[in-house]
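Enquirer: I am sharing my_file.cif, which consists of mmCIF, C-alpha atoms:
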data_start
#
loop_
_atom_site.label_atom_id
_atom_site.label_comp_id
_atom_site.auth_asym_id
_atom_site.auth_seq_id
_atom_site.Cartn_x
_atom_site.Cartn_y
_atom_site.Cartn_z
CA MET L 1 -2.17 -162.93 81.05
CA MET L 2 -5.15 -162.17 83.28
CA ASP L 3 -6.57 -159.94 80.54
CA SER L 4 -6.53 -162.63 77.89
CA LEU L 5 -8.04 -165.15 80.33
CA ILE L 6 -10.90 -162.74 81.00
CA ALA L 7 -11.32 -162.19 77.27
CA ILE L 8 -11.40 -165.92 76.53
CA ALA L 9 -13.86 -166.54 79.36
CA ALA L 10 -16.16 -163.76 78.10
CA ILE L 11 -16.05 -165.00 74.50
CA THR L 12 -16.58 -168.70 75.24
CA GLY L 13 -19.17 -167.83 77.88
CA THR L 14 -21.16 -165.66 75.44
CA VAL L 15 -21.00 -168.26 72.64
CA GLY L 16 -21.94 -171.06 75.07
CA ILE L 17 -24.87 -169.13 76.53
CA TYR L 18 -26.02 -168.21 73.02
CA ALA L 19 -25.93 -171.90 72.01
CA ALA L 20 -27.88 -172.84 75.14
CA ALA L 21 -30.38 -170.03 74.44
CA VAL L 22 -30.97 -171.33 70.90
CA TYR L 23 -31.57 -174.82 72.33
CA ILE L 24 -34.00 -173.48 74.95
CA TYR L 25 -35.88 -171.52 72.27
CA LYS L 26 -36.27 -174.63 70.11
CA LYS L 27 -37.68 -176.45 73.10
CA PHE L 28 -40.14 -173.85 74.47
CA ASN L 29 -40.73 -171.59 71.47
CA SER L 30 -42.18 -168.66 73.46
CA ALA L 31 -41.58 -164.89 73.20
CA PHE L 32 -39.72 -164.98 76.52
CA THR L 33 -37.28 -167.59 75.27
CA ILE L 34 -36.21 -165.75 72.08
CA PRO L 35 -32.40 -166.33 72.07
CA ILE L 36 -31.35 -162.66 72.27
CA ILE L 37 -33.65 -162.04 75.24
CA ILE L 38 -32.68 -165.11 77.21
CA ALA L 39 -28.93 -164.82 76.48
CA THR L 40 -28.89 -161.13 77.50
CA VAL L 41 -30.80 -161.84 80.71
CA ILE L 42 -28.51 -164.76 81.66
CA ILE L 43 -25.31 -162.80 81.02
CA ILE L 44 -26.56 -159.74 82.92
CA ALA L 45 -27.56 -162.02 85.82
CA ILE L 46 -24.07 -163.59 85.87
CA LEU L 47 -22.31 -160.20 85.73
CA LEU L 48 -24.49 -158.88 88.56
CA ALA L 49 -24.09 -162.02 90.68
CA PHE L 50 -20.29 -161.95 90.45
CA GLN L 51 -20.09 -158.14 90.42
CA VAL L 52 -18.28 -158.05 87.09
CA PRO L 53 -18.36 -154.57 85.50
CA TYR L 54 -19.55 -154.31 81.88
CA ASP L 55 -16.14 -152.97 80.80
CA THR L 56 -14.44 -156.12 82.08
CA TYR L 57 -16.93 -158.32 80.21
CA MET L 58 -16.32 -156.26 77.07
CA ARG L 59 -12.60 -157.15 77.04
CA GLY L 60 -13.85 -160.35 75.43
CA GLY L 61 -17.25 -159.12 74.33
CA GLU L 62 -15.72 -156.49 72.03
CA TRP L 63 -14.35 -159.26 69.80
CA ILE L 64 -17.88 -160.54 69.18
CA ASP L 65 -19.19 -156.98 68.95
CA HIS L 66 -16.57 -156.25 66.32
CA MET L 67 -18.01 -158.93 64.04
CA LEU L 68 -21.42 -157.23 64.10
CA GLY L 69 -20.27 -154.99 61.20
CA PRO L 70 -19.57 -157.79 58.69
CA ALA L 71 -22.65 -159.68 60.00
CA ILE L 72 -24.85 -156.72 58.98
CA VAL L 73 -23.07 -156.60 55.59
CA ALA L 74 -23.98 -160.29 55.13
CA LEU L 75 -27.71 -159.39 55.25
CA ALA L 76 -27.33 -158.29 51.61
CA TYR L 77 -27.14 -161.95 50.57
CA PRO L 78 -30.62 -163.18 51.66
CA VAL L 79 -32.11 -159.98 50.20
CA TYR L 80 -30.24 -160.60 46.93
CA GLN L 81 -31.48 -164.21 46.78
CA ARG L 82 -35.10 -162.98 46.99
CA ARG L 83 -34.67 -159.87 44.85
CA ARG L 84 -37.34 -160.94 42.30
CA ILE L 85 -40.16 -161.34 44.83
CA LEU L 86 -39.03 -158.27 46.74
CA LYS L 87 -38.91 -156.10 43.61
CA LYS L 88 -42.52 -157.00 42.82
CA LEU L 89 -43.58 -155.99 46.33
CA LEU L 90 -41.36 -152.93 46.65
CA VAL L 91 -44.24 -150.41 46.69
CA PRO L 92 -46.16 -152.03 49.60
CA ILE L 93 -42.89 -152.61 51.49
CA LEU L 94 -41.70 -149.02 51.06
CA SER L 95 -45.15 -147.55 51.83
CA GLY L 96 -45.44 -149.47 55.10
CA THR L 97 -41.89 -148.58 56.09
CA ILE L 98 -42.23 -144.85 55.37
CA LEU L 99 -45.54 -144.71 57.26
CA GLY L 100 -43.90 -146.60 60.14
CA ALA L 101 -41.03 -144.09 60.25
CA GLY L 102 -43.50 -141.21 60.57
CA VAL L 103 -45.61 -143.02 63.18
CA GLY L 104 -42.52 -143.89 65.23
CA VAL L 105 -41.19 -140.35 65.49
CA SER L 106 -44.57 -138.60 65.94
CA THR L 107 -46.12 -140.97 68.50
CA GLY L 108 -42.88 -141.08 70.51
CA VAL L 109 -42.66 -137.28 70.64
CA LEU L 110 -46.40 -136.71 71.27
CA LEU L 111 -46.68 -139.32 74.04
CA ALA L 112 -43.58 -137.94 75.77
CA LYS L 113 -44.82 -134.36 75.43
CA TRP L 114 -48.23 -135.35 76.80
CA ALA L 115 -46.51 -137.02 79.76
CA GLY L 116 -44.57 -133.81 80.46
CA VAL L 117 -41.12 -135.24 79.73
CA ASP L 118 -38.10 -132.88 79.44
CA GLN L 119 -37.20 -131.63 75.99
CA LEU L 120 -33.72 -133.17 76.28
CA ILE L 121 -35.27 -136.62 76.79
CA ILE L 122 -37.82 -136.12 73.99
CA HIS L 123 -34.94 -135.30 71.62
CA SER L 124 -33.17 -138.51 72.71
CA LEU L 125 -36.31 -140.61 72.32
CA ALA L 126 -37.55 -139.39 68.91
CA PRO L 127 -35.33 -141.61 66.67
CA LYS L 128 -35.63 -144.81 68.80
CA SER L 129 -36.93 -146.99 65.92
CA VAL L 130 -33.66 -146.92 63.96
CA THR L 131 -30.31 -148.61 64.46
CA THR L 132 -28.07 -147.18 67.22
CA PRO L 133 -25.44 -145.14 65.31
CA VAL L 134 -28.11 -143.46 63.17
CA ALA L 135 -30.31 -142.69 66.21
CA MET L 136 -27.32 -141.21 68.05
CA ALA L 137 -26.46 -138.98 65.09
CA ILE L 138 -30.07 -137.72 64.86
CA THR L 139 -30.26 -137.07 68.60
CA ASP L 140 -26.98 -135.18 68.38
CA THR L 141 -28.42 -132.93 65.65
CA LEU L 142 -31.54 -132.27 67.77
CA GLY L 143 -29.44 -131.48 70.84
CA GLY L 144 -30.43 -134.51 72.92
CA ALA L 145 -28.27 -136.91 74.97
CA THR L 146 -26.68 -139.57 72.74
CA PRO L 147 -26.11 -142.31 75.42
CA LEU L 148 -29.78 -141.98 76.34
CA ALA L 149 -30.70 -142.32 72.64
CA ALA L 150 -28.81 -145.65 72.57
CA VAL L 151 -30.83 -146.89 75.57
CA PHE L 152 -34.17 -146.03 73.91
CA VAL L 153 -33.03 -147.78 70.72
CA MET L 154 -32.27 -150.85 72.83
CA ILE L 155 -35.72 -150.74 74.49
CA ALA L 156 -37.44 -150.45 71.09
CA GLY L 157 -35.34 -153.39 69.86
CA ILE L 158 -35.55 -155.80 72.77
CA GLY L 159 -39.04 -154.68 73.82
CA GLY L 160 -40.26 -154.95 70.24
CA VAL L 161 -38.92 -158.50 69.94
CA LEU L 162 -40.58 -159.43 73.23
CA ILE L 163 -44.04 -158.17 72.24
CA SER L 164 -43.87 -158.91 68.51
CA SER L 165 -45.74 -162.22 68.51
CA THR L 166 -48.59 -160.70 70.55
CA VAL L 167 -48.76 -157.62 68.29
CA MET L 168 -48.74 -159.70 65.08
CA LYS L 169 -51.46 -161.98 66.45
CA TYR L 170 -53.67 -159.17 67.83
CA PHE L 171 -53.49 -157.06 64.64
CA ARG L 172 -53.69 -160.18 62.42
CA ILE L 173 -50.44 -159.51 60.58
CA THR L 174 -50.03 -163.00 59.21
CA HIS L 175 -48.08 -162.52 55.99
CA PRO L 176 -44.26 -162.78 56.23
CA ILE L 177 -43.90 -159.59 54.15
CA GLY L 178 -46.10 -157.61 56.57
CA ARG L 179 -44.33 -159.11 59.57
CA GLY L 180 -40.94 -158.24 58.11
CA VAL L 181 -41.91 -154.62 57.52
CA GLY L 182 -43.30 -154.37 61.07
CA MET L 183 -40.17 -155.84 62.67
CA GLY L 184 -37.63 -153.86 60.64
CA SER L 185 -39.55 -150.57 61.04
CA ALA L 186 -40.14 -150.89 64.78
CA SER L 187 -37.16 -152.86 66.09
CA HIS L 188 -34.36 -152.21 63.56
CA ALA L 189 -31.45 -154.70 63.47
CA ILE L 190 -32.37 -156.59 66.67
CA GLY L 191 -35.84 -157.25 65.24
CA THR L 192 -34.33 -158.21 61.88
CA ALA L 193 -31.91 -160.71 63.46
CA THR L 194 -34.74 -162.33 65.39
CA ILE L 195 -37.23 -162.63 62.53
CA MET L 196 -34.45 -163.86 60.22
CA GLU L 197 -34.09 -166.88 62.50
CA GLN L 198 -37.75 -167.70 61.99
CA ASN L 199 -38.32 -166.94 58.31
CA GLN L 200 -35.73 -165.78 55.77
CA LEU L 201 -38.25 -164.04 53.50
CA ALA L 202 -39.58 -162.00 56.43
CA GLY L 203 -35.97 -161.38 57.49
CA SER L 204 -35.05 -160.05 54.05
CA VAL L 205 -38.05 -157.71 54.09
CA SER L 206 -37.08 -156.61 57.59
CA THR L 207 -33.56 -155.83 56.34
CA ILE L 208 -34.98 -153.53 53.63
CA ALA L 209 -37.35 -151.90 56.15
CA MET L 210 -34.46 -151.34 58.59
CA VAL L 211 -32.23 -149.67 55.98
CA VAL L 212 -35.01 -147.54 54.44
CA SER L 213 -36.33 -146.50 57.83
CA ALA L 214 -32.84 -145.39 58.95
CA VAL L 215 -32.69 -143.04 55.97
CA VAL L 216 -36.30 -141.80 56.22
CA VAL L 217 -36.20 -141.20 59.98
CA SER L 218 -32.98 -139.18 59.73
CA VAL L 219 -34.51 -137.01 57.00
CA ILE L 220 -37.94 -136.38 58.62
CA THR L 221 -37.11 -136.21 62.35
CA PRO L 222 -35.71 -132.65 62.65
CA GLY L 223 -38.70 -131.15 60.80
CA LEU L 224 -41.30 -133.36 62.46
CA VAL L 225 -39.97 -132.66 65.96
CA ALA L 226 -39.97 -128.89 65.27
CA VAL L 227 -43.62 -129.04 64.18
CA LEU L 228 -44.81 -131.27 67.05
CA MET L 229 -43.03 -129.37 69.81
CA MET E 1 -12.31 -178.91 56.88
CA LEU E 2 -12.50 -177.41 53.39
CA LYS E 3 -15.92 -176.04 54.28
CA VAL E 4 -14.53 -174.34 57.40
CA CYS E 5 -11.72 -172.75 55.33
CA LYS E 6 -14.27 -171.51 52.81
CA ILE E 7 -16.39 -169.93 55.55
CA ILE E 8 -13.35 -168.20 57.07
CA ILE E 9 -12.17 -166.79 53.73
CA GLN E 10 -15.67 -165.57 52.94
CA ILE E 11 -15.99 -163.95 56.37
CA ALA E 12 -12.71 -162.14 55.69
CA PHE E 13 -14.16 -160.96 52.38
CA LEU E 14 -17.34 -159.67 54.10
CA TYR E 15 -15.13 -157.98 56.67
CA GLY E 16 -13.25 -156.25 53.84
CA ILE E 17 -16.54 -154.87 52.46
CA TYR E 18 -17.44 -153.69 55.96
CA LEU E 19 -14.10 -151.83 56.16
CA ILE E 20 -14.78 -150.17 52.80
CA GLY E 21 -18.20 -149.11 54.14
CA GLN E 22 -16.56 -147.69 57.27
CA TRP E 23 -14.03 -145.83 55.17
CA ILE E 24 -16.73 -144.29 52.92
CA GLN E 25 -18.73 -143.28 55.99
CA GLU E 26 -15.74 -141.51 57.52
CA ALA E 27 -14.50 -139.96 54.28
CA LEU E 28 -17.90 -138.51 53.33
CA ASN E 29 -19.00 -137.93 56.93
CA LEU E 30 -22.31 -139.77 56.35
CA PHE E 31 -24.87 -140.45 59.10
CA VAL E 32 -25.53 -143.98 57.83
CA PRO E 33 -23.25 -146.49 59.63
CA GLY E 34 -20.41 -148.21 57.75
CA SER E 35 -22.03 -151.64 58.14
CA VAL E 36 -25.22 -150.48 56.40
CA ILE E 37 -23.16 -148.84 53.62
CA GLY E 38 -21.31 -152.17 53.29
CA LEU E 39 -24.67 -153.99 53.05
CA ILE E 40 -25.76 -151.70 50.19
CA ILE E 41 -22.37 -152.10 48.45
CA LEU E 42 -22.54 -155.91 48.65
CA PHE E 43 -26.10 -155.88 47.29
CA ILE E 44 -25.00 -153.73 44.32
CA LEU E 45 -21.93 -155.93 43.68
CA LEU E 46 -24.09 -159.08 43.72
CA SER E 47 -26.79 -157.54 41.49
CA THR E 48 -24.25 -156.37 38.90
CA ASN E 49 -22.53 -159.78 39.02
CA VAL E 50 -19.19 -158.21 39.99
CA VAL E 51 -19.29 -160.51 43.02
CA LYS E 52 -20.53 -164.04 42.31
CA ASP E 53 -22.95 -165.34 44.92
CA VAL E 54 -20.79 -168.42 45.57
CA TRP E 55 -18.02 -166.10 46.86
CA VAL E 56 -20.09 -165.02 49.85
CA GLU E 57 -22.77 -167.72 50.18
CA LYS E 58 -21.17 -169.80 52.96
CA GLY E 59 -19.89 -166.87 55.03
CA ALA E 60 -23.18 -164.97 54.67
CA ASP E 61 -25.20 -168.05 55.65
CA PHE E 62 -23.06 -168.39 58.77
CA PHE E 63 -23.60 -164.75 59.80
CA VAL E 64 -27.30 -164.73 58.98
CA LYS E 65 -27.87 -167.96 60.91
CA HIS E 66 -26.09 -166.66 64.02
CA LEU E 67 -26.89 -162.96 63.67
CA THR E 68 -28.29 -162.58 67.17
CA LEU E 69 -25.02 -163.81 68.73
CA PHE E 70 -23.26 -160.69 67.47
CA PHE E 71 -25.79 -158.40 69.14
CA ILE E 72 -25.41 -159.90 72.60
CA PRO E 73 -22.40 -157.82 73.83
CA ALA E 74 -24.26 -154.63 72.81
CA THR E 75 -27.57 -155.63 74.43
CA VAL E 76 -25.77 -156.62 77.66
CA GLY E 77 -24.60 -152.96 77.71
CA ILE E 78 -28.06 -152.01 78.95
CA ILE E 79 -26.73 -153.11 82.37
CA ASN E 80 -25.03 -149.69 82.67
CA TYR E 81 -28.38 -147.93 82.44
CA TYR E 82 -30.43 -149.79 85.03
CA LYS E 83 -31.16 -146.40 86.67
CA VAL E 84 -33.29 -145.45 83.67
CA PHE E 85 -35.65 -148.27 84.63
CA SER E 86 -36.30 -147.03 88.14
CA GLY E 87 -38.74 -144.33 89.31
CA LYS E 88 -40.07 -141.95 86.67
CA GLY E 89 -37.90 -143.61 84.03
CA PHE E 90 -40.25 -146.56 84.00
CA PHE E 91 -42.81 -144.31 82.33
CA LEU E 92 -40.39 -143.62 79.48
CA ILE E 93 -40.11 -147.35 78.80
CA VAL E 94 -43.90 -147.55 78.55
CA ILE E 95 -43.93 -144.63 76.08
CA VAL E 96 -41.25 -146.27 73.91
CA LEU E 97 -43.07 -149.60 73.97
CA VAL E 98 -46.47 -148.10 73.07
CA SER E 99 -44.88 -146.18 70.18
CA THR E 100 -43.08 -149.37 69.07
CA VAL E 101 -46.38 -151.31 69.02
CA LEU E 102 -47.97 -148.56 66.89
CA VAL E 103 -45.06 -148.63 64.40
CA MET E 104 -45.08 -152.43 64.16
CA ALA E 105 -48.84 -152.70 63.72
CA GLY E 106 -49.20 -149.64 61.46
CA SER E 107 -46.39 -150.45 59.05
CA GLY E 108 -47.16 -154.19 58.96
CA LEU E 109 -50.89 -153.67 58.37
CA VAL E 110 -50.42 -151.07 55.61
CA THR E 111 -48.02 -153.35 53.75
CA GLN E 112 -50.27 -156.37 54.17
CA TRP E 113 -53.33 -154.36 53.07
CA MET E 114 -51.55 -153.05 49.95
CA MET E 115 -50.57 -156.60 49.01
CA ARG E 116 -54.09 -158.03 49.18
CA GLY E 117 -54.81 -160.16 46.16
CA LYS E 118 -51.15 -160.71 45.34
CA GLU E 119 -50.00 -164.28 45.85
CA VAL E 120 -46.49 -164.80 47.14
CA GLU E 121 -44.87 -168.15 47.76
CA HIS E 122 -43.75 -168.66 51.34
CA ASP E 123 -40.24 -170.04 51.46
CA GLY E 124 -39.53 -170.33 55.15
#
Take the structure in the file and write it out as structure tokens.
Expert:
Amino acid sequence: MMDSLIAIAAITGTVGIYAAAVYIYKKFNSAFTIPIIIATVIIIAILLAFQVPYDTYMRGGEWIDHMLGPAIVALAYPVYQRRRILKKLLVPILSGTILGAGVGVSTGVLLAKWAGVDQLIIHSLAPKSVTTPVAMAITDTLGGATPLAAVFVMIAGIGGVLISSTVMKYFRITHPIGRGVGMGSASHAIGTATIMEQNQLAGSVSTIAMVVSAVVVSVITPGLVAVLM
Amino acid sequence: MLKVCKIIIQIAFLYGIYLIGQWIQEALNLFVPGSVIGLIILFILLSTNVVKDVWVEKGADFFVKHLTLFFIPATVGIINYYKVFSGKGFFLIVIVLVSTVLVMAGSGLVTQWMMRGKEVEHDG
């Protein structure tokens, strides 16, 4: 009884806070009010304030989490709708994405090495630009710590969303295709979900970048890390 | 009401494709997650006209519109790792962010530069 009450409270609470976050974003339209950022911050604040452990929240949260799988599958549809434009631009999209995959792994490893970070952490940080399960599998192959890999993926995702508008403005990436490649390559599915809310063409490009970069990063990382270390 | 029923049936259909993706991932022991395999399967089925776009349109629109909602439970999970943010760990966050900026700018700029001269309609 208590369990299902907790589950219902967590589900309705998450959906309600998400709806409020979308409303706030429409009103203020700033990087700090992007729905995923604001909803995550509010829920964490509530859990901390009432000392609710994450596992308790997940008794309801797991139901929403479980729908993430089919939600990712659904991304095929907007890409399919724009297949003609995307096919024409496939070479620039793939080139940017492949370059981004290489930049992500090499700069992450080099910066960490330069800062004198442990090898275990470097191996967990190398695949941070790709979606969580892929990053964890790569880290496992390298001999890093998989829970740590998931945290770095999260930082690249949430952090990337937070700084994206500044980065796009500063580097003058104005075209939705360029923005989509940047978001999908740097901030995987979290970036894709966010840019999809703003522009479906950019979101479709971001979906392609996310999928391609997952494959490219898993192929190049072991070799690249061996060379750079 | 009919519209709600349609969305629910289509979500169930998308869920079925996700399960097939999961199954393929486990059977072949692939590193790509089941959801991404499902995404590729759905794209192929739509492109070959095996699945008509009207079969998934409403359900897919629902998911795509509210995609960020489904990430929230996972992002809240960062609460278990607050220790990473303290002390020397703060430096790791800076490293990840700097690398993320370089990826975003590098990949976006290369794509944009390679597209110069090509006109593409913006569809919002």
Enquirer: So that each row is one residue of chain E with an atom at most 7 Å from chain L, can you give its shortest atom pair and the distance in Å to one decimal, using all atoms listed in the file, rows by chain and rising number, as CSV?
Expert:
residue,atom,partner,partner_atom,distance
E:Leu14,CA,L:Pro70,CA,5.4
E:Tyr15,CA,L:Pro70,CA,4.9
E:Tyr18,CA,L:Pro70,CA,5.4
E:Phe31,CA,L:Val134,CA,6.0
E:Val32,CA,L:Val134,CA,6.0
E:Pro33,CA,L:Pro133,CA,6.2
E:Ser35,CA,L:Gly69,CA,4.9
E:Val36,CA,L:Val73,CA,6.5
E:Gly38,CA,L:Val73,CA,5.3
E:Leu39,CA,L:Val73,CA,4.0
E:Ile40,CA,L:Ala76,CA,6.9
E:Leu42,CA,L:Ala76,CA,6.1
E:Phe43,CA,L:Ala76,CA,5.1
E:Ala60,CA,L:Ala74,CA,4.8
E:Phe63,CA,L:Ala71,CA,5.2
E:Val64,CA,L:Leu75,CA,6.5
E:Lys65,CA,L:Glu197,CA,6.5
E:Leu67,CA,L:Ala193,CA,5.5
E:Thr68,CA,L:Ala193,CA,5.5
E:Leu69,CA,L:Tyr18,CA,6.2
E:Phe70,CA,L:Leu68,CA,5.2
E:Phe71,CA,L:Asp65,CA,6.8
E:Ile72,CA,L:Thr40,CA,6.1
E:Pro73,CA,L:Gly61,CA,5.3
E:Ala74,CA,L:Asp65,CA,6.8
E:Thr75,CA,L:Thr40,CA,6.4
E:Val76,CA,L:Thr40,CA,5.5
E:Gly77,CA,L:Tyr54,CA,6.7
E:Ile78,CA,L:Val151,CA,6.7
E:Ile79,CA,L:Ile44,CA,6.7
E:Ile95,CA,L:Leu111,CA,6.3
E:Val96,CA,L:Ala156,CA,6.3
E:Leu97,CA,L:Ala156,CA,6.4
E:Ser99,CA,L:Gly108,CA,5.5
E:Thr100,CA,L:Ala186,CA,5.4
E:Val101,CA,L:Val167,CA,6.8
E:Val103,CA,L:Gly100,CA,4.9
E:Met104,CA,L:Gly182,CA,4.1
E:Ala105,CA,L:Gly182,CA,6.4
E:Gly106,CA,L:Gly100,CA,6.3
E:Ser107,CA,L:Gly96,CA,4.2
E:Gly108,CA,L:Gly178,CA,4.3
E:Leu109,CA,L:Ile173,CA,6.3
E:Val110,CA,L:Gly96,CA,5.3
E:Thr111,CA,L:Pro92,CA,4.7
E:Gln112,CA,L:Gly178,CA,5.0
E:Met114,CA,L:Pro92,CA,5.5
E:Met115,CA,L:Pro92,CA,6.4
E:Asp123,CA,L:Leu201,CA,6.6
E:Gly124,CA,L:Asn199,CA,4.8
Enquirer: From the options L:Ala31, L:Tyr25, L:Ala9, L:Lys87, which residue's atoms come nearest to Ile208 of chain L, counting all atoms listed in the file?
Expert: L:Lys87
Enquirer: Tell me which of E:Ile9, E:Leu30, E:Val98, E:Ile20 sits closest to Val54 of chain E, counting only C-alpha atoms.
Expert: E:Ile9
Enquirer: Just the number, please: distance in Å from atom CA of Phe85 of chain E to atom CA of Ala21 of chain L, one decimal.
Expert: 24.6 Å
Enquirer: Quick one: pull the distance between atom CA of Tyr81 of chain E and atom CA of Ile38 of chain L, Å, one decimal.
Expert: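 Atom-to-atom, atom CA of Tyr81 of chain E to atom CA of Ile38 of chain L, that is 18.5 Å.
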Enquirer: Which value, in Å to one decimal, gives the distance between atom CA of Leu102 of chain E and atom CA of Arg84 of chain L?
Expert: 29.5 Å
Enquirer: Working from the structure I just supplied, which lacks atoms in segment 149-167 of chain L, can you model N, CA, C and O atoms there and output them as a CSV table (one decimal), keeping the file's coordinate frame?
Expert:
chain,number,residue,atom,x,y,z
L,149,ALA,N,-30.1,-141.9,73.9
L,149,ALA,CA,-30.7,-142.3,72.6
L,149,ALA,C,-30.4,-143.8,72.4
L,149,ALA,O,-31.3,-144.6,72.0
L,150,ALA,N,-29.2,-144.2,72.8
L,150,ALA,CA,-28.8,-145.6,72.6
L,150,ALA,C,-29.7,-146.6,73.5
L,150,ALA,O,-30.0,-147.7,73.1
L,151,VAL,N,-30.0,-146.1,74.7
L,151,VAL,CA,-30.8,-146.9,75.6
L,151,VAL,C,-32.3,-147.0,75.0
L,151,VAL,O,-32.8,-148.1,75.0
L,152,PHE,N,-32.8,-145.9,74.5
L,152,PHE,CA,-34.2,-146.0,73.9
L,152,PHE,C,-34.2,-146.9,72.7
L,152,PHE,O,-35.2,-147.7,72.5
L,153,VAL,N,-33.1,-146.9,71.9
L,153,VAL,CA,-33.0,-147.8,70.7
L,153,VAL,C,-33.1,-149.2,71.2
L,153,VAL,O,-33.8,-150.1,70.6
L,154,MET,N,-32.3,-149.5,72.3
L,154,MET,CA,-32.3,-150.8,72.8
L,154,MET,C,-33.7,-151.3,73.3
L,154,MET,O,-34.0,-152.5,73.1
L,155,ILE,N,-34.4,-150.4,74.0
L,155,ILE,CA,-35.7,-150.7,74.5
L,155,ILE,C,-36.7,-151.0,73.3
L,155,ILE,O,-37.4,-152.0,73.4
L,156,ALA,N,-36.6,-150.2,72.3
L,156,ALA,CA,-37.4,-150.4,71.1
L,156,ALA,C,-37.1,-151.8,70.4
L,156,ALA,O,-37.9,-152.5,70.0
L,157,GLY,N,-35.8,-152.1,70.5
L,157,GLY,CA,-35.3,-153.4,69.9
L,157,GLY,C,-35.7,-154.6,70.7
L,157,GLY,O,-36.5,-155.5,70.2
L,158,ILE,N,-35.3,-154.6,71.9
L,158,ILE,CA,-35.6,-155.8,72.8
L,158,ILE,C,-37.0,-155.9,73.1
L,158,ILE,O,-37.7,-156.9,73.0
L,159,GLY,N,-37.6,-154.7,73.5
L,159,GLY,CA,-39.0,-154.7,73.8
L,159,GLY,C,-39.9,-155.1,72.6
L,159,GLY,O,-40.8,-155.9,72.8
L,160,GLY,N,-39.5,-154.6,71.5
L,160,GLY,CA,-40.3,-155.0,70.2
L,160,GLY,C,-40.2,-156.5,70.0
L,160,GLY,O,-41.2,-157.1,69.6
L,161,VAL,N,-39.1,-157.1,70.1
L,161,VAL,CA,-38.9,-158.5,69.9
L,161,VAL,C,-39.8,-159.3,70.9
L,161,VAL,O,-40.5,-160.2,70.6
L,162,LEU,N,-39.8,-158.8,72.2
L,162,LEU,CA,-40.6,-159.4,73.2
L,162,LEU,C,-42.1,-159.4,73.0
L,162,LEU,O,-42.8,-160.4,73.2
L,163,ILE,N,-42.6,-158.3,72.4
L,163,ILE,CA,-44.0,-158.2,72.2
L,163,ILE,C,-44.5,-158.5,70.8
L,163,ILE,O,-45.7,-158.5,70.5
L,164,SER,N,-43.5,-158.8,69.9
L,164,SER,CA,-43.9,-158.9,68.5
L,164,SER,C,-44.9,-160.0,68.2
L,164,SER,O,-45.9,-159.7,67.5
L,165,SER,N,-44.8,-161.2,68.9
L,165,SER,CA,-45.7,-162.2,68.5
L,165,SER,C,-47.1,-161.8,68.9
L,165,SER,O,-48.1,-162.1,68.2
L,166,THR,N,-47.3,-161.2,70.1
L,166,THR,CA,-48.6,-160.7,70.6
L,166,THR,C,-49.2,-159.6,69.6
L,166,THR,O,-50.3,-159.7,69.2
L,167,VAL,N,-48.3,-158.7,69.2
L,167,VAL,CA,-48.8,-157.6,68.3
L,167,VAL,C,-49.2,-158.2,67.0
L,167,VAL,O,-50.3,-157.9,66.5
